[in-house]
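Novice: Structure file query19.cif (mmCIF, C-alpha atoms) is given on the next line.
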```cif
data_input
#
loop_
_atom_site.label_atom_id
_atom_site.label_comp_id
_atom_site.auth_asym_id
_atom_site.auth_seq_id
_atom_site.Cartn_x
_atom_site.Cartn_y
_atom_site.Cartn_z
CA ARG A 1035 12.49 -13.37 13.07
CA LEU A 1036 9.57 -14.67 11.02
CA PRO A 1037 6.16 -13.07 11.66
CA GLU A 1038 3.80 -15.08 13.88
CA GLN A 1039 1.25 -17.11 11.93
CA THR A 1040 -2.27 -17.62 13.26
CA CYS A 1041 -3.76 -21.10 13.34
CA PRO A 1042 -7.56 -21.01 13.74
CA ARG A 1043 -7.83 -24.79 14.21
CA PHE A 1044 -5.30 -24.77 17.04
CA ARG A 1045 -7.00 -21.82 18.75
CA GLU A 1046 -10.37 -23.56 18.53
CA TRP A 1047 -8.88 -26.78 19.93
CA ARG A 1048 -7.15 -24.95 22.77
CA ALA A 1049 -10.32 -23.00 23.63
CA ALA A 1050 -12.25 -26.29 23.89
CA LEU A 1051 -9.66 -27.62 26.35
CA ASP A 1052 -9.98 -24.43 28.45
CA PRO A 1053 -6.59 -25.10 30.13
CA ALA A 1054 -6.10 -23.75 33.64
CA GLY A 1055 -3.68 -26.35 35.03
CA MET A 1056 -2.05 -29.70 34.42
CA THR A 1057 -2.00 -32.87 36.53
CA LEU A 1058 0.23 -35.95 36.33
CA VAL A 1059 -2.01 -39.02 36.76
CA PHE A 1060 -0.75 -42.43 37.90
CA PRO A 1061 -3.12 -45.43 37.73
CA GLU A 1062 -1.58 -48.17 39.87
CA ALA A 1063 -0.56 -51.61 38.61
CA TYR A 1064 -3.08 -54.01 37.07
CA MET A 1065 -1.73 -57.54 37.47
CA ASN A 1066 -3.99 -59.24 34.92
CA ASN A 1067 -2.67 -57.21 31.98
CA PRO A 1068 1.03 -57.62 31.10
CA ALA A 1069 1.21 -54.12 29.63
CA SER A 1070 -0.05 -52.55 32.89
CA MET A 1071 1.83 -54.54 35.53
CA PHE A 1072 4.07 -51.56 36.37
CA GLY A 1073 1.31 -48.95 36.34
CA HIS A 1074 0.73 -46.19 33.83
CA THR A 1075 1.03 -42.40 33.60
CA LEU A 1076 -0.90 -39.75 31.71
CA LEU A 1077 -1.38 -35.98 31.85
CA ARG A 1078 -4.68 -34.26 32.59
CA VAL A 1079 -5.36 -30.78 31.21
CA ASP A 1080 -7.41 -29.22 34.02
CA MET A 1081 -10.23 -26.97 32.93
CA GLY A 1082 -10.70 -23.48 34.27
CA ALA A 1083 -14.42 -22.79 34.43
CA LYS A 1084 -16.14 -25.96 35.58
CA GLY A 1085 -15.91 -25.71 39.36
CA GLY A 1086 -15.86 -29.01 41.23
CA GLU A 1087 -16.50 -31.01 38.06
CA ARG A 1088 -13.45 -29.77 36.19
CA ASP A 1089 -11.40 -32.91 36.83
CA LEU A 1090 -13.80 -35.44 35.29
CA LEU A 1091 -14.80 -33.11 32.45
CA ALA A 1092 -11.18 -32.35 31.62
CA TYR A 1093 -9.13 -34.02 28.90
CA ALA A 1094 -6.29 -36.51 29.32
CA ILE A 1095 -3.10 -36.70 27.26
CA ASN A 1096 -2.05 -40.30 26.73
CA PHE A 1097 0.76 -42.09 24.90
CA ALA A 1098 0.16 -45.69 23.89
CA ALA A 1099 1.26 -48.28 21.36
CA GLU A 1100 -0.96 -49.47 18.54
CA THR A 1101 -0.79 -53.23 19.04
CA GLY A 1102 -3.65 -54.35 16.82
CA ARG A 1103 -4.98 -57.71 17.94
CA ASP A 1104 -1.66 -59.10 19.12
CA GLY A 1105 -1.54 -60.93 22.41
CA GLY A 1106 0.52 -63.36 24.42
CA VAL A 1107 4.10 -64.01 23.31
CA ALA A 1108 3.82 -61.90 20.12
CA PHE A 1109 2.64 -58.89 22.13
CA ALA A 1110 5.47 -59.17 24.66
CA TRP A 1111 8.16 -59.80 22.02
CA LYS A 1112 7.13 -56.92 19.75
CA GLY A 1113 6.64 -54.56 22.69
CA ILE A 1114 10.14 -55.22 24.01
CA LEU A 1115 11.86 -54.89 20.61
CA GLY A 1116 10.03 -51.76 19.45
CA TYR A 1117 7.92 -53.20 16.65
CA TYR A 1118 4.85 -51.15 17.60
CA PRO A 1119 4.27 -47.49 16.71
CA GLY A 1120 3.27 -45.26 19.61
CA PHE A 1121 1.09 -42.16 19.30
CA PHE A 1122 -0.01 -39.29 21.51
CA SER A 1123 -3.77 -38.92 21.89
CA ILE A 1124 -6.16 -36.78 23.89
CA GLN A 1125 -9.53 -37.95 25.17
CA PRO A 1126 -12.06 -37.18 27.93
CA TYR A 1127 -10.69 -37.86 31.40
CA TYR A 1128 -13.90 -39.52 32.56
CA ASP A 1129 -13.31 -42.20 29.92
CA MET A 1130 -9.87 -42.86 31.41
CA VAL A 1131 -11.30 -43.02 34.95
CA LYS A 1132 -13.93 -45.46 33.72
CA ALA A 1133 -11.32 -47.63 32.00
CA TYR A 1134 -8.78 -47.69 34.84
CA GLY A 1135 -10.95 -47.21 37.93
CA ASP A 1136 -14.08 -49.15 36.95
CA TRP A 1137 -13.09 -51.81 34.43
CA GLU A 1138 -9.56 -52.59 35.59
CA ASN A 1139 -10.08 -51.81 39.31
CA ARG A 1140 -6.98 -49.64 39.57
CA ASP A 1141 -6.63 -46.92 42.20
CA ILE A 1142 -5.59 -43.58 40.70
CA TRP A 1143 -3.23 -40.94 42.11
CA GLU A 1144 -3.37 -37.38 40.78
CA TYR A 1145 -0.34 -35.07 41.19
CA GLU A 1146 -1.20 -31.45 40.46
CA LEU A 1147 1.69 -29.72 38.65
CA ASN A 1148 2.72 -26.16 39.34
CA LEU A 1149 3.00 -24.88 35.76
CA SER A 1150 2.33 -21.35 34.55
CA ALA A 1151 -0.15 -20.58 31.78
CA ALA A 1152 2.72 -19.98 29.35
CA GLN A 1153 4.31 -23.34 30.21
CA ILE A 1154 1.00 -25.17 29.74
CA ASP A 1155 0.61 -23.48 26.36
CA LEU A 1156 4.07 -24.70 25.34
CA VAL A 1157 3.06 -28.29 26.15
CA LEU A 1158 -0.21 -27.98 24.22
CA MET A 1159 1.45 -26.37 21.19
CA HIS A 1160 4.02 -29.16 21.09
CA LEU A 1161 1.28 -31.76 21.48
CA TRP A 1162 -0.55 -30.17 18.53
CA GLU A 1163 2.61 -30.62 16.44
CA LEU A 1164 2.81 -34.31 17.40
CA ARG A 1165 -0.65 -35.26 16.08
CA GLY A 1166 -0.31 -38.44 14.01
CA VAL A 1167 3.48 -38.57 14.47
CA PRO A 1168 4.57 -42.17 15.22
CA PHE A 1169 7.27 -43.03 17.75
CA ARG A 1170 8.77 -46.45 18.22
CA TYR A 1171 7.30 -47.89 21.40
CA TYR A 1172 9.67 -49.85 23.64
CA PHE A 1173 8.07 -51.47 26.68
CA PHE A 1174 11.08 -51.07 28.99
CA ASP A 1175 12.41 -47.61 28.14
CA GLU A 1176 10.69 -45.44 25.50
CA ASN A 1177 7.23 -46.16 26.90
CA CYS A 1178 4.26 -44.04 28.01
CA SER A 1179 6.05 -42.60 31.05
CA TYR A 1180 9.21 -41.71 29.13
CA GLN A 1181 7.31 -39.87 26.42
CA LEU A 1182 5.08 -37.96 28.85
CA LEU A 1183 8.10 -36.91 30.89
CA SER A 1184 9.73 -35.63 27.69
CA LEU A 1185 6.53 -33.69 26.99
CA LEU A 1186 6.77 -32.06 30.44
CA THR A 1187 10.39 -31.17 29.71
CA VAL A 1188 9.12 -28.82 26.99
CA ALA A 1189 7.45 -26.76 29.73
CA ARG A 1190 10.36 -26.80 32.19
CA PRO A 1191 13.58 -27.63 30.28
CA GLU A 1192 15.75 -26.32 33.12
CA LEU A 1193 14.65 -29.25 35.32
CA LYS A 1194 16.38 -31.73 32.97
CA LEU A 1195 13.89 -34.45 33.90
CA MET A 1196 15.21 -36.94 31.34
CA ASP A 1197 18.75 -36.76 32.74
CA ARG A 1198 17.56 -38.60 35.86
CA PHE A 1199 17.25 -41.88 33.95
CA ARG A 1200 20.64 -43.44 33.35
CA ALA A 1201 19.48 -47.06 33.46
CA PRO A 1202 18.19 -48.75 30.25
CA TRP A 1203 14.62 -48.88 31.61
CA VAL A 1204 11.94 -46.40 32.67
CA ILE A 1205 9.33 -47.50 35.21
CA PRO A 1206 6.16 -45.35 35.54
CA VAL A 1207 6.39 -44.92 39.32
CA ASP A 1208 9.99 -43.71 38.93
CA THR A 1209 8.87 -40.93 36.59
CA VAL A 1210 6.31 -39.85 39.20
CA ARG A 1211 9.06 -39.88 41.82
CA VAL A 1212 11.29 -37.73 39.61
CA ALA A 1213 8.49 -35.17 39.22
CA VAL A 1214 7.78 -35.09 42.97
CA GLU A 1215 11.44 -34.78 43.97
CA HIS A 1216 11.84 -31.54 42.02
CA ALA A 1217 10.92 -28.87 44.56
CA GLY A 1218 7.95 -26.83 43.48
CA LEU A 1219 6.87 -28.95 40.50
CA VAL A 1220 4.15 -30.95 42.30
CA GLY A 1221 1.52 -29.37 44.51
CA LYS A 1222 -1.65 -31.05 45.75
CA VAL A 1223 -1.88 -34.87 45.57
CA THR A 1224 -5.32 -36.53 45.33
CA PHE A 1225 -6.24 -40.21 45.76
CA ARG A 1226 -9.11 -41.56 43.64
CA PRO A 1227 -10.05 -45.11 44.77
CA SER A 1228 -11.28 -47.60 42.19
CA ALA A 1229 -14.83 -48.90 42.20
CA ALA A 1230 -13.57 -52.22 43.57
CA SER A 1231 -11.69 -50.51 46.42
CA GLU A 1232 -14.81 -48.57 47.35
CA LEU A 1233 -17.00 -51.67 47.24
CA ARG A 1234 -14.55 -53.73 49.30
CA HIS A 1235 -14.21 -50.96 51.92
CA GLU A 1236 -17.99 -50.48 52.18
CA ALA A 1237 -18.65 -54.22 52.42
CA HIS A 1238 -16.18 -54.64 55.28
CA GLN A 1239 -18.24 -52.14 57.30
CA LEU A 1240 -21.28 -54.45 57.14
CA SER A 1241 -21.88 -57.45 59.37
CA VAL A 1242 -21.65 -60.92 57.84
CA GLY A 1243 -25.45 -61.17 57.73
CA GLU A 1244 -25.74 -57.78 56.03
CA GLN A 1245 -23.11 -58.77 53.46
CA ARG A 1246 -25.15 -61.88 52.60
CA LEU A 1247 -28.29 -59.75 52.19
CA ALA A 1248 -26.47 -57.27 49.92
CA ARG A 1249 -25.16 -60.03 47.68
CA ALA A 1250 -28.55 -61.76 47.53
CA LEU A 1251 -30.16 -58.48 46.47
CA ALA A 1252 -27.54 -57.93 43.75
CA ASP A 1253 -27.88 -61.53 42.53
CA GLY A 1254 -31.69 -61.27 42.36
CA GLU A 1255 -32.23 -63.93 45.03
CA LEU A 1256 -34.05 -61.39 47.25
CA GLU A 1257 -36.25 -58.43 46.42
CA PRO A 1258 -35.70 -55.06 48.16
CA ASP A 1259 -39.10 -55.36 49.90
CA ASP A 1260 -38.21 -58.75 51.43
CA PRO A 1261 -38.93 -58.87 55.20
CA GLN A 1262 -35.25 -59.64 55.93
CA VAL A 1263 -34.35 -56.28 54.42
CA GLN A 1264 -37.31 -54.32 55.78
CA GLN A 1265 -36.64 -55.33 59.39
CA LEU A 1266 -33.22 -53.63 59.35
CA SER A 1267 -32.80 -50.20 60.89
CA ASP A 1268 -32.89 -47.30 58.42
CA PRO A 1269 -29.11 -46.72 58.40
CA ALA A 1270 -28.40 -50.46 58.03
CA ARG A 1271 -30.98 -50.83 55.25
CA ALA A 1272 -29.54 -47.83 53.41
CA ALA A 1273 -26.03 -49.31 53.70
CA VAL A 1274 -27.12 -52.77 52.49
CA LEU A 1275 -29.02 -51.36 49.50
CA GLY A 1276 -26.07 -49.11 48.61
CA VAL A 1277 -23.59 -51.98 48.67
CA ALA A 1278 -26.01 -54.17 46.70
CA TYR A 1279 -26.25 -51.52 43.96
CA ASP A 1280 -22.46 -51.05 43.82
CA TYR A 1281 -21.90 -54.81 43.62
CA LEU A 1282 -24.47 -55.19 40.85
CA ARG A 1283 -22.74 -52.41 38.90
CA HIS A 1284 -19.39 -54.17 39.43
CA ARG A 1285 -20.83 -57.41 38.07
CA PHE A 1286 -22.25 -55.60 35.03
CA LEU A 1287 -18.88 -54.01 34.24
CA ALA A 1288 -17.30 -57.47 34.55
CA HIS A 1289 -19.89 -58.82 32.05
CA ASP A 1290 -21.27 -61.24 34.67
CA VAL A 1291 -24.83 -59.97 34.25
CA SER A 1292 -26.72 -58.75 31.19
CA ARG A 1293 -27.70 -55.13 30.65
CA ALA A 1294 -31.42 -55.96 30.84
CA GLU A 1295 -31.03 -57.79 34.16
CA SER A 1296 -28.79 -55.07 35.55
CA GLU A 1297 -31.11 -52.20 34.59
CA SER A 1298 -34.24 -53.82 36.00
CA ARG A 1299 -32.59 -54.96 39.23
CA SER A 1300 -30.70 -51.69 39.74
CA ARG A 1301 -33.89 -49.68 39.34
CA ARG A 1302 -35.71 -51.70 42.03
CA ILE A 1303 -32.75 -51.34 44.42
CA LEU A 1304 -32.46 -47.57 43.83
CA ILE A 1305 -36.22 -47.05 44.32
CA ALA A 1306 -36.03 -48.94 47.63
CA ARG A 1307 -33.03 -46.86 48.69
CA SER A 1308 -34.84 -43.60 47.88
CA ARG A 1309 -37.64 -44.60 50.25
CA VAL A 1310 -35.28 -45.00 53.21
CA ASP A 1311 -35.37 -41.91 55.42
CA VAL A 1312 -31.57 -41.52 55.41
CA THR A 1313 -29.80 -38.95 53.25
CA GLY A 1314 -26.12 -38.61 52.44
CA ARG A 1315 -23.31 -41.11 52.89
CA VAL A 1316 -23.96 -43.87 55.42
CA LEU A 1317 -20.63 -45.69 55.27
CA SER A 1318 -17.22 -44.07 55.64
CA PRO A 1319 -15.25 -43.36 52.44
CA VAL A 1320 -12.06 -45.17 51.46
CA PRO A 1321 -9.18 -43.64 53.44
CA THR A 1322 -6.18 -42.31 51.57
CA PRO A 1323 -3.30 -44.82 51.91
CA PRO A 1324 -0.59 -43.58 54.30
CA VAL A 1325 2.16 -44.12 51.69
CA ARG A 1326 1.87 -42.76 48.15
CA PRO A 1327 3.43 -44.61 45.18
CA ASP A 1328 6.22 -42.02 44.92
CA GLN A 1329 7.00 -42.55 48.63
CA GLY A 1330 7.51 -46.30 48.31
CA HIS A 1331 10.89 -48.00 48.13
CA ARG A 1332 13.14 -47.59 45.08
CA THR A 1333 12.55 -50.10 42.33
CA ALA A 1334 16.16 -51.27 41.89
CA ARG A 1335 17.97 -53.16 44.66
CA VAL A 1336 21.56 -54.17 45.41
CA ALA A 1337 22.28 -56.63 48.22
CA LEU A 1338 25.46 -57.97 49.84
CA ALA A 1339 25.55 -61.21 51.81
CA THR A 1340 27.95 -63.67 53.35
CA GLY A 1341 27.60 -67.22 54.61
CA TRP A 1342 28.75 -70.83 54.56
CA ARG A 1343 27.81 -73.64 52.23
CA ASN A 1344 29.19 -77.16 52.73
CA ASP A 1345 31.88 -75.75 55.06
CA ARG A 1346 32.91 -73.23 52.40
CA PHE A 1347 32.84 -69.50 53.16
CA PHE A 1348 31.34 -67.26 50.45
CA LEU A 1349 30.60 -63.63 49.62
CA GLU A 1350 27.48 -62.90 47.58
CA THR A 1351 26.33 -59.92 45.53
CA ARG A 1352 22.73 -59.69 44.32
CA ILE A 1353 21.34 -57.16 41.84
CA ARG A 1354 17.64 -56.73 40.98
CA PRO A 1355 16.87 -54.00 38.41
CA ALA A 1356 13.09 -54.12 39.01
CA PHE A 1357 10.67 -54.03 40.69
CA HIS A 1358 9.11 -55.26 43.95
CA ASP A 1359 8.74 -58.52 45.86
CA LEU A 1360 6.58 -59.65 48.77
CA MET A 1361 9.45 -59.25 51.26
CA ASP A 1362 9.90 -55.55 50.42
CA PRO A 1363 8.06 -52.80 52.33
CA GLN A 1364 4.52 -52.81 50.93
CA GLY A 1365 3.77 -49.07 51.22
CA GLY A 1366 3.07 -47.49 47.81
CA TYR A 1367 2.79 -50.81 45.97
CA THR A 1368 -0.13 -53.10 45.10
CA ALA A 1369 -0.83 -55.39 48.04
CA GLY A 1370 -0.10 -59.06 47.36
CA ALA A 1371 1.72 -58.37 44.09
CA GLN A 1372 5.32 -59.26 43.23
CA ILE A 1373 7.25 -58.53 40.03
CA ASP A 1374 10.97 -59.33 39.88
CA PHE A 1375 12.96 -59.03 36.66
CA LEU A 1376 16.53 -60.21 36.08
CA ASP A 1377 17.28 -60.94 39.74
CA LEU A 1378 20.96 -61.95 39.60
CA ALA A 1379 23.12 -63.42 42.39
CA ALA A 1380 26.87 -64.13 42.05
CA ARG A 1381 29.06 -65.79 44.70
CA LEU A 1382 32.77 -65.70 45.39
CA TYR A 1383 34.48 -68.48 47.39
CA PRO A 1384 37.71 -66.67 48.47
CA ARG A 1385 39.55 -69.72 49.83
CA GLU A 1386 39.19 -71.62 46.56
CA ALA A 1387 39.36 -68.44 44.40
CA GLU A 1388 36.17 -69.61 42.72
CA ALA A 1389 33.42 -67.34 41.34
CA ARG A 1390 30.11 -68.68 40.16
CA LEU A 1391 26.66 -67.63 39.04
CA GLN A 1392 24.46 -68.66 41.96
CA GLU A 1393 21.04 -67.66 40.65
CA LEU A 1394 19.38 -65.87 37.74
CA THR A 1395 15.64 -65.27 37.83
CA VAL A 1396 14.52 -63.91 34.47
CA VAL A 1397 11.02 -63.16 35.72
CA ASP A 1398 9.13 -63.91 38.94
CA ILE A 1399 5.53 -62.67 39.13
CA VAL A 1400 3.08 -63.39 41.95
CA SER A 1401 -0.49 -62.12 42.30
CA LEU A 1402 -2.17 -62.95 45.60
CA SER A 1403 -5.77 -61.71 45.70
CA PRO A 1404 -7.99 -62.22 48.79
CA ARG A 1405 -11.45 -63.73 48.32
CA ASP A 1406 -14.61 -62.73 50.17
CA PHE A 1407 -18.39 -62.59 49.71
CA PHE A 1408 -18.15 -60.23 46.76
CA PHE A 1409 -14.85 -61.00 45.03
CA ARG A 1410 -13.60 -64.35 43.74
CA PRO A 1411 -10.28 -63.52 42.03
CA ILE A 1412 -7.74 -66.18 41.05
CA SER A 1413 -4.27 -65.99 42.57
CA TRP A 1414 -1.43 -67.02 40.27
CA LYS A 1415 2.33 -66.95 39.80
CA ILE A 1416 4.90 -67.26 37.02
CA ASN A 1417 8.57 -68.05 37.57
CA ALA A 1418 11.39 -68.59 35.10
#
```
Once you've parsed the file, please lay out its structure as C-alpha cells.
Specialist:
Amino acid sequence: RLPEQTCPRFREWRAALDPAGMTLVFPEAYMNNPASMFGHTLLRVDMGAKGGERDLLAYAINFAAETGRDGGVAFAWKGILGYYPGFFSIQPYYDMVKAYGDWENRDIWEYELNLSAAQIDLVLMHLWELRGVPFRYYFFDENCSYQLLSLLTVARPELKLMDRFRAPWVIPVDTVRVAVEHAGLVGKVTFRPSAASELRHEAHQLSVGEQRLARALADGELEPDDPQVQQLSDPARAAVLGVAYDYLRHRFLAHDVSRAESESRSRRILIARSRVDVTGRVLSPVPTPPVRPDQGHRTARVALATGWRNDRFFLETRIRPAFHDLMDPQGGYTAGAQIDFLDLAARLYPREAEARLQELTVVDIVSLSPRDFFFRPISWKINA
C-alpha cells in the first residue's frame, strides 16, 4: 500500500545491463583446483541490442566465497564448515569466459532460460538488494549453485526449485539438471569449448609432421618463412600456422613464455598466415559432445550385491553419495576424471547373523590426462 519509490541508481544500473534474457552457465569440472572439481554455475544477463556479440558483452552473476590467501587443508576445512563469507557479484561475461575457458581449460555449457521481462526484473531487483550482503558459504550445500538456484526461485517461485534437494549436499550439475527437468524453463543449449579443447581438436587434424612444425614455430625453433613451412600446400600451411598461434597463446596464458617473446613471435606467425591465400576456417570446429552434463548419470548411487567369501555367503549394500568414477558411463562428465566421496559398503552374513563394515572410502580422486605433442599434464590420484 506504500507509494512506489524511484531509485535512480538502480535504474541506471539496470539500463547498463540492458537485460533481454537470462542464461544458466555451467563451466565443467577443473581437476587441479579443489574448489572447482564438481564444476560451477553462474547466471548470464543477456543483452538486448548487441546482435551476435551480446553473449560475450553481457554480464555474469556469480556467487563465491572470500577465501583470502588460504589454501590446502585450511581452505578445505573452512570451506566445509562455513567459515568463509560468500557474496553475490556481477562482472563482464568475457572475463568469466577468459578465466574458465582460457586459463582453466574448462568447457562451458550455456542453458538459455525462458523467463519473461518481469521475471528477469524481479531477479535483478533482488540482486540489487543483496549487494554487500554476506552469506555463510558451505562447500557441500550452501554453495554457488544453491544460492543461484535460490535467486532463480525469486523469478519462478511456483517451480519450487529448492524443494528438489533433500540430501545434505548440492552438486552444481544437479542444479542444472533440476532446471532442465522443469518443462519450459530451459530453451536453447549452447556448447562453448575451451581454448585447450579447440587446440587439441585442431592439432589432431594435422599429420605428425605438421604437428611438429606447428610446435617448432610456437617454440621459436623455426621461423614462418622456413622452407619446411613454405613447401606445404596453402591449406596445410594455413592450418599449421593457425595451430602454432593457438599453441603459443596457450603457453602464454600458462605463463610458460614471456609477454615480449609471445608478442614478437605471434606477430610473425600472424603476418605469415595473412599472406597465405586461404580465407576462413581451415580445420573443422570442435563438435558438440553427444551427451550434455545434465544428461549424464545421477551423481548418487546405491548398489546391491551378493557373493561368497571363504565359503561364507554374504549380502552387500553399497551407497555412494557423490559423484562419478571411471567405471560409470562417461557421457556428460570430464573424461579421465573420478571423484568418489563417502563410498560405503556394508555386508551381512546371514548364516552367522553377522553384519560388518566392509569398506569406507572417504575420498577417492583420480585425474588421468593424456599427453601429446602440445600438452604435458601430470596424472595423479588421491585415496583415503
Novice: As an exercise, work out the distance from CA of Gly1254 in chain A to CA of Leu1240 in chain A in Å and give it to one decimal place.
Specialist: 19.3 Å
Novice: Report as a Markdown table: every residue of range 1142-1261 of chain A with an atom at most 7 Å from range 1120-1137 of chain A, its closest pair of atoms, and their distance in Å to one decimal, counting only C-alpha atoms, with rows sorted by chain and ascending residue number.
Specialist:
```
| residue | atom | partner | partner_atom | distance |
| --- | --- | --- | --- | --- |
| A:Arg1165 | CA | A:Phe1122 | CA | 6.8 |
| A:Gly1166 | CA | A:Phe1121 | CA | 6.6 |
| A:Val1167 | CA | A:Phe1121 | CA | 6.5 |
| A:Pro1168 | CA | A:Phe1121 | CA | 5.4 |
| A:Phe1169 | CA | A:Gly1120 | CA | 4.9 |
| A:Arg1170 | CA | A:Gly1120 | CA | 5.8 |
| A:Tyr1171 | CA | A:Gly1120 | CA | 5.1 |
| A:Ser1228 | CA | A:Gly1135 | CA | 4.3 |
| A:Ala1229 | CA | A:Asp1136 | CA | 5.3 |
```
Novice: Any idea what's packed within 10 Å of range 1111-1113 of chain A, counting all atoms listed in the file, ignoring anything in its chain fewer than 2 positions away? Could you give it as a JSON list (two decimals) with C-alpha atoms, in the coordinates of the input?
Specialist:
```json
[["chain", "number", "residue", "atom", "x", "y", "z"],
["A", 1069, "ALA", "CA", 1.21, -54.12, 29.63],
["A", 1099, "ALA", "CA", 1.26, -48.28, 21.36],
["A", 1101, "THR", "CA", -0.79, -53.23, 19.04],
["A", 1104, "ASP", "CA", -1.66, -59.10, 19.12],
["A", 1105, "GLY", "CA", -1.54, -60.93, 22.41],
["A", 1106, "GLY", "CA", 0.52, -63.36, 24.42],
["A", 1107, "VAL", "CA", 4.10, -64.01, 23.31],
["A", 1108, "ALA", "CA", 3.82, -61.90, 20.12],
["A", 1109, "PHE", "CA", 2.64, -58.89, 22.13],
["A", 1115, "LEU", "CA", 11.86, -54.89, 20.61],
["A", 1116, "GLY", "CA", 10.03, -51.76, 19.45],
["A", 1117, "TYR", "CA", 7.92, -53.20, 16.65],
["A", 1118, "TYR", "CA", 4.85, -51.15, 17.60],
["A", 1119, "PRO", "CA", 4.27, -47.49, 16.71],
["A", 1170, "ARG", "CA", 8.77, -46.45, 18.22],
["A", 1171, "TYR", "CA", 7.30, -47.89, 21.40],
["A", 1172, "TYR", "CA", 9.67, -49.85, 23.64],
["A", 1173, "PHE", "CA", 8.07, -51.47, 26.68],
["A", 1174, "PHE", "CA", 11.08, -51.07, 28.99],
["A", 1177, "ASN", "CA", 7.23, -46.16, 26.90]]
```
Novice: Which one is closest to Leu1349 in chain A: A:Pro1321, A:Gly1370, A:Pro1384, A:Pro1053? Count all atoms listed in the file.
Specialist: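 When distances to Leu1349 in chain A are compared using all atoms listed in the file, the smallest one comes from A:Pro1384.
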Novice: One decimal, Å: what's the distance from CA of Val1157 in chain A over to CA of Pro1227 in chain A, could you say?
Specialist: 28.3 Å
Novice: Excluding range 1401-1418 of chain A and its own-chain neighbours fewer than 2 positions away, which residues fall within 8 Å of it when counting only C-alpha atoms? Please give them as JSON, numbers by chain.
Specialist: {"A": [1065, 1234, 1245, 1246, 1249, 1281, 1370, 1371, 1372, 1395, 1396, 1397, 1398, 1399]}
Novice: Quick check, in Å to one decimal: how far apart do CA of Gly1365 in chain A and CA of Val1207 in chain A lie?
Specialist: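 The value is 12.9 Å.
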Novice: Using 12 Å as the limit and counting all atoms listed in the file, can you tabulate each residue of range 1077-1146 of chain A that touches range 1324-1347 of chain A, with its shortest atom-to-atom distance in Å and the two atoms involved, as JSON lines?
Specialist:
```
{"residue": "A:Asp1141", "atom": "CA", "partner": "A:Pro1327", "partner_atom": "CA", "distance": 10.7}
{"residue": "A:Ile1142", "atom": "CA", "partner": "A:Pro1327", "partner_atom": "CA", "distance": 10.1}
{"residue": "A:Trp1143", "atom": "CA", "partner": "A:Arg1326", "partner_atom": "CA", "distance": 8.1}
{"residue": "A:Glu1144", "atom": "CA", "partner": "A:Arg1326", "partner_atom": "CA", "distance": 10.5}
{"residue": "A:Tyr1145", "atom": "CA", "partner": "A:Asp1328", "partner_atom": "CA", "distance": 10.3}
```
Novice: Quick one: which residues end up in the PyMOL selection byres ((chain A and resi 1260-1268) around 8) for this structure, as a PDB file with C-alpha atoms, in the frame of the given file?
Specialist:
```pdb
ATOM      1  CA  LEU A1247     -28.290 -59.750  52.190  1.00  0.00           C
ATOM      2  CA  LEU A1256     -34.050 -61.390  47.250  1.00  0.00           C
ATOM      3  CA  GLU A1257     -36.250 -58.430  46.420  1.00  0.00           C
ATOM      4  CA  PRO A1258     -35.700 -55.060  48.160  1.00  0.00           C
ATOM      5  CA  ASP A1259     -39.100 -55.360  49.900  1.00  0.00           C
ATOM      6  CA  PRO A1269     -29.110 -46.720  58.400  1.00  0.00           C
ATOM      7  CA  ALA A1270     -28.400 -50.460  58.030  1.00  0.00           C
ATOM      8  CA  ARG A1271     -30.980 -50.830  55.250  1.00  0.00           C
ATOM      9  CA  ALA A1272     -29.540 -47.830  53.410  1.00  0.00           C
ATOM     10  CA  VAL A1310     -35.280 -45.000  53.210  1.00  0.00           C
ATOM     11  CA  ASP A1311     -35.370 -41.910  55.420  1.00  0.00           C
ATOM     12  CA  VAL A1312     -31.570 -41.520  55.410  1.00  0.00           C
TER      13      VAL A1312
END
```
Novice: Please determine, counting all atoms listed in the file, which residue among A:Glu1350, A:Glu1038, A:Asp1052, A:Glu1295 has the shortest atom-to-atom distance to Leu1158 in chain A.
Specialist: A:Asp1052
Novice: Counting all atoms listed in the file, I want the residues whose atoms come within 10 Å of (1.7, -30.5, 40.7) in the file frame, returned as a list of chain:residue names.
Specialist: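 The answer, in the requested form, is A:Gly1055, A:Met1056, A:Thr1057, A:Leu1058, A:Glu1144, A:Tyr1145, A:Glu1146, A:Leu1147, A:Asn1148, A:Leu1149, A:Ala1213, A:Val1214, A:Gly1218, A:Leu1219, A:Val1220, A:Gly1221, A:Lys1222, A:Val1223.
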Novice: Output the residue selection produced by the PyMOL selection byres ((chain A and resi 1253) around 9) on the file above, formatted as a PyMOL selection string.
Specialist: chain A and resi 1248-1252+1254-1256+1278+1282+1291+1299
Novice: Please, what is the axis-aligned box for every listed atom of range 1112-1118 of chain A with 4 Å on each side, as centre and edge lengths in Å to one decimal, as lines of an AutoDock Vina configuration file?
Specialist:
```
center_x = 8.4
center_y = -54.0
center_z = 20.3
size_x = 15.0
size_y = 13.8
size_z = 15.4
```
Novice: Nearest residue to Glu1163 in chain A out of A:Phe1044, A:Tyr1093, A:Tyr1383, A:Phe1375, using all atoms listed in the file?
Specialist: A:Phe1044
Novice: Hey, can you pull every residue with an atom no more than 6 Å from (31.0, -63.2, 40.2), using all atoms listed in the file, and send it as a PyMOL selection string?
Specialist: chain A and resi 1380-1381+1389-1390
Novice: Could you check the closest approach to Val1188 in chain A for each of A:Val1210, A:Ala1288, A:Met1159, A:Val1204 and tell me which residue wins, using all atoms listed in the file?
Specialist: A:Met1159
Novice: Between A:Ile1205, A:Leu1304, A:Ala1387, A:Leu1156, single out the one closest to Ala1189 in chain A, counting all atoms listed in the file.
Specialist: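 Using all atoms listed in the file, Ala1189 in chain A sits closest to A:Leu1156.
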